[in-house]
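Here is the structure we will look at, set down as structure tokens.
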Amino acid sequence: MGLLAFFLISLFVFYWFPIRGGLKTFLLILIMISGWLSIFELVAIIEARPWVAAPVLALIGLFVWKWRKDREKKQDKQQSM
């Protein structure tokens with residue numbers, strides 16, 4: 001969880017604070033490496049506790065389904081005009 005927290009904090013710093021030059025490049029490299037390793041950490045958490053991941057994945061699926069449905073409605077409405 002520490003690696004995931006480091007990734008999120010460094011991502012927050014990268015976007016919200018004015019950092020210039022080499023430090024910004026170094027921070028971007030740290031974000032990429034920690035983000036890649038965080039993927040493995042998340043997979044390990046999901047493998048250890050699949051009952052936690054199932055509702056989260058169901059919610060993500062619901063949001064994607066609703067977003068696509070709304071987008072299709074908007075496109076149909078624009079085409080009918």
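Chain labels follow the order of the structure tokens: the first chain is A, the next B, and so on; residue numbering restarts at 1 in every chain, and ligands are counted from 1 in their shown order.
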Item to complete: Would you list the contacts of A:Ala5 as a list in words, taking every protein, DNA or RNA residue within 12 Å and counting only C-alpha atoms, but skipping same-chain residues closer than 2 positions in sequence?
Response: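 Result of the neighbour search: Met1, Gly2, Leu3, Phe7, Leu8, Ile9, Ser10, Leu11, Phe12, Ile31, Ser34, Gly35, Leu37, Ser38, Glu41 and Leu42 of chain A.
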Worksheet item: Nearest to A:Phe14: which of A:Ile39, A:Leu27, A:Ala48, A:Ala54 is it, counting only C-alpha atoms?
Response: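 The answer is A:Leu27, which sits nearest to A:Phe14.
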Item to complete: Provide the atom CA of A:Tyr15 to atom CA of A:Ile60 distance in Å, to one decimal place.
Response: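 So the answer is 24.5 Å.
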Practice prompt. Enter the distance from atom CA of A:Ile33 to atom CA of A:Pro50, in Å, rounded to one decimal.
Written response: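 One can read the atom CA of A:Ile33 to atom CA of A:Pro50 distance as 25.5 Å.
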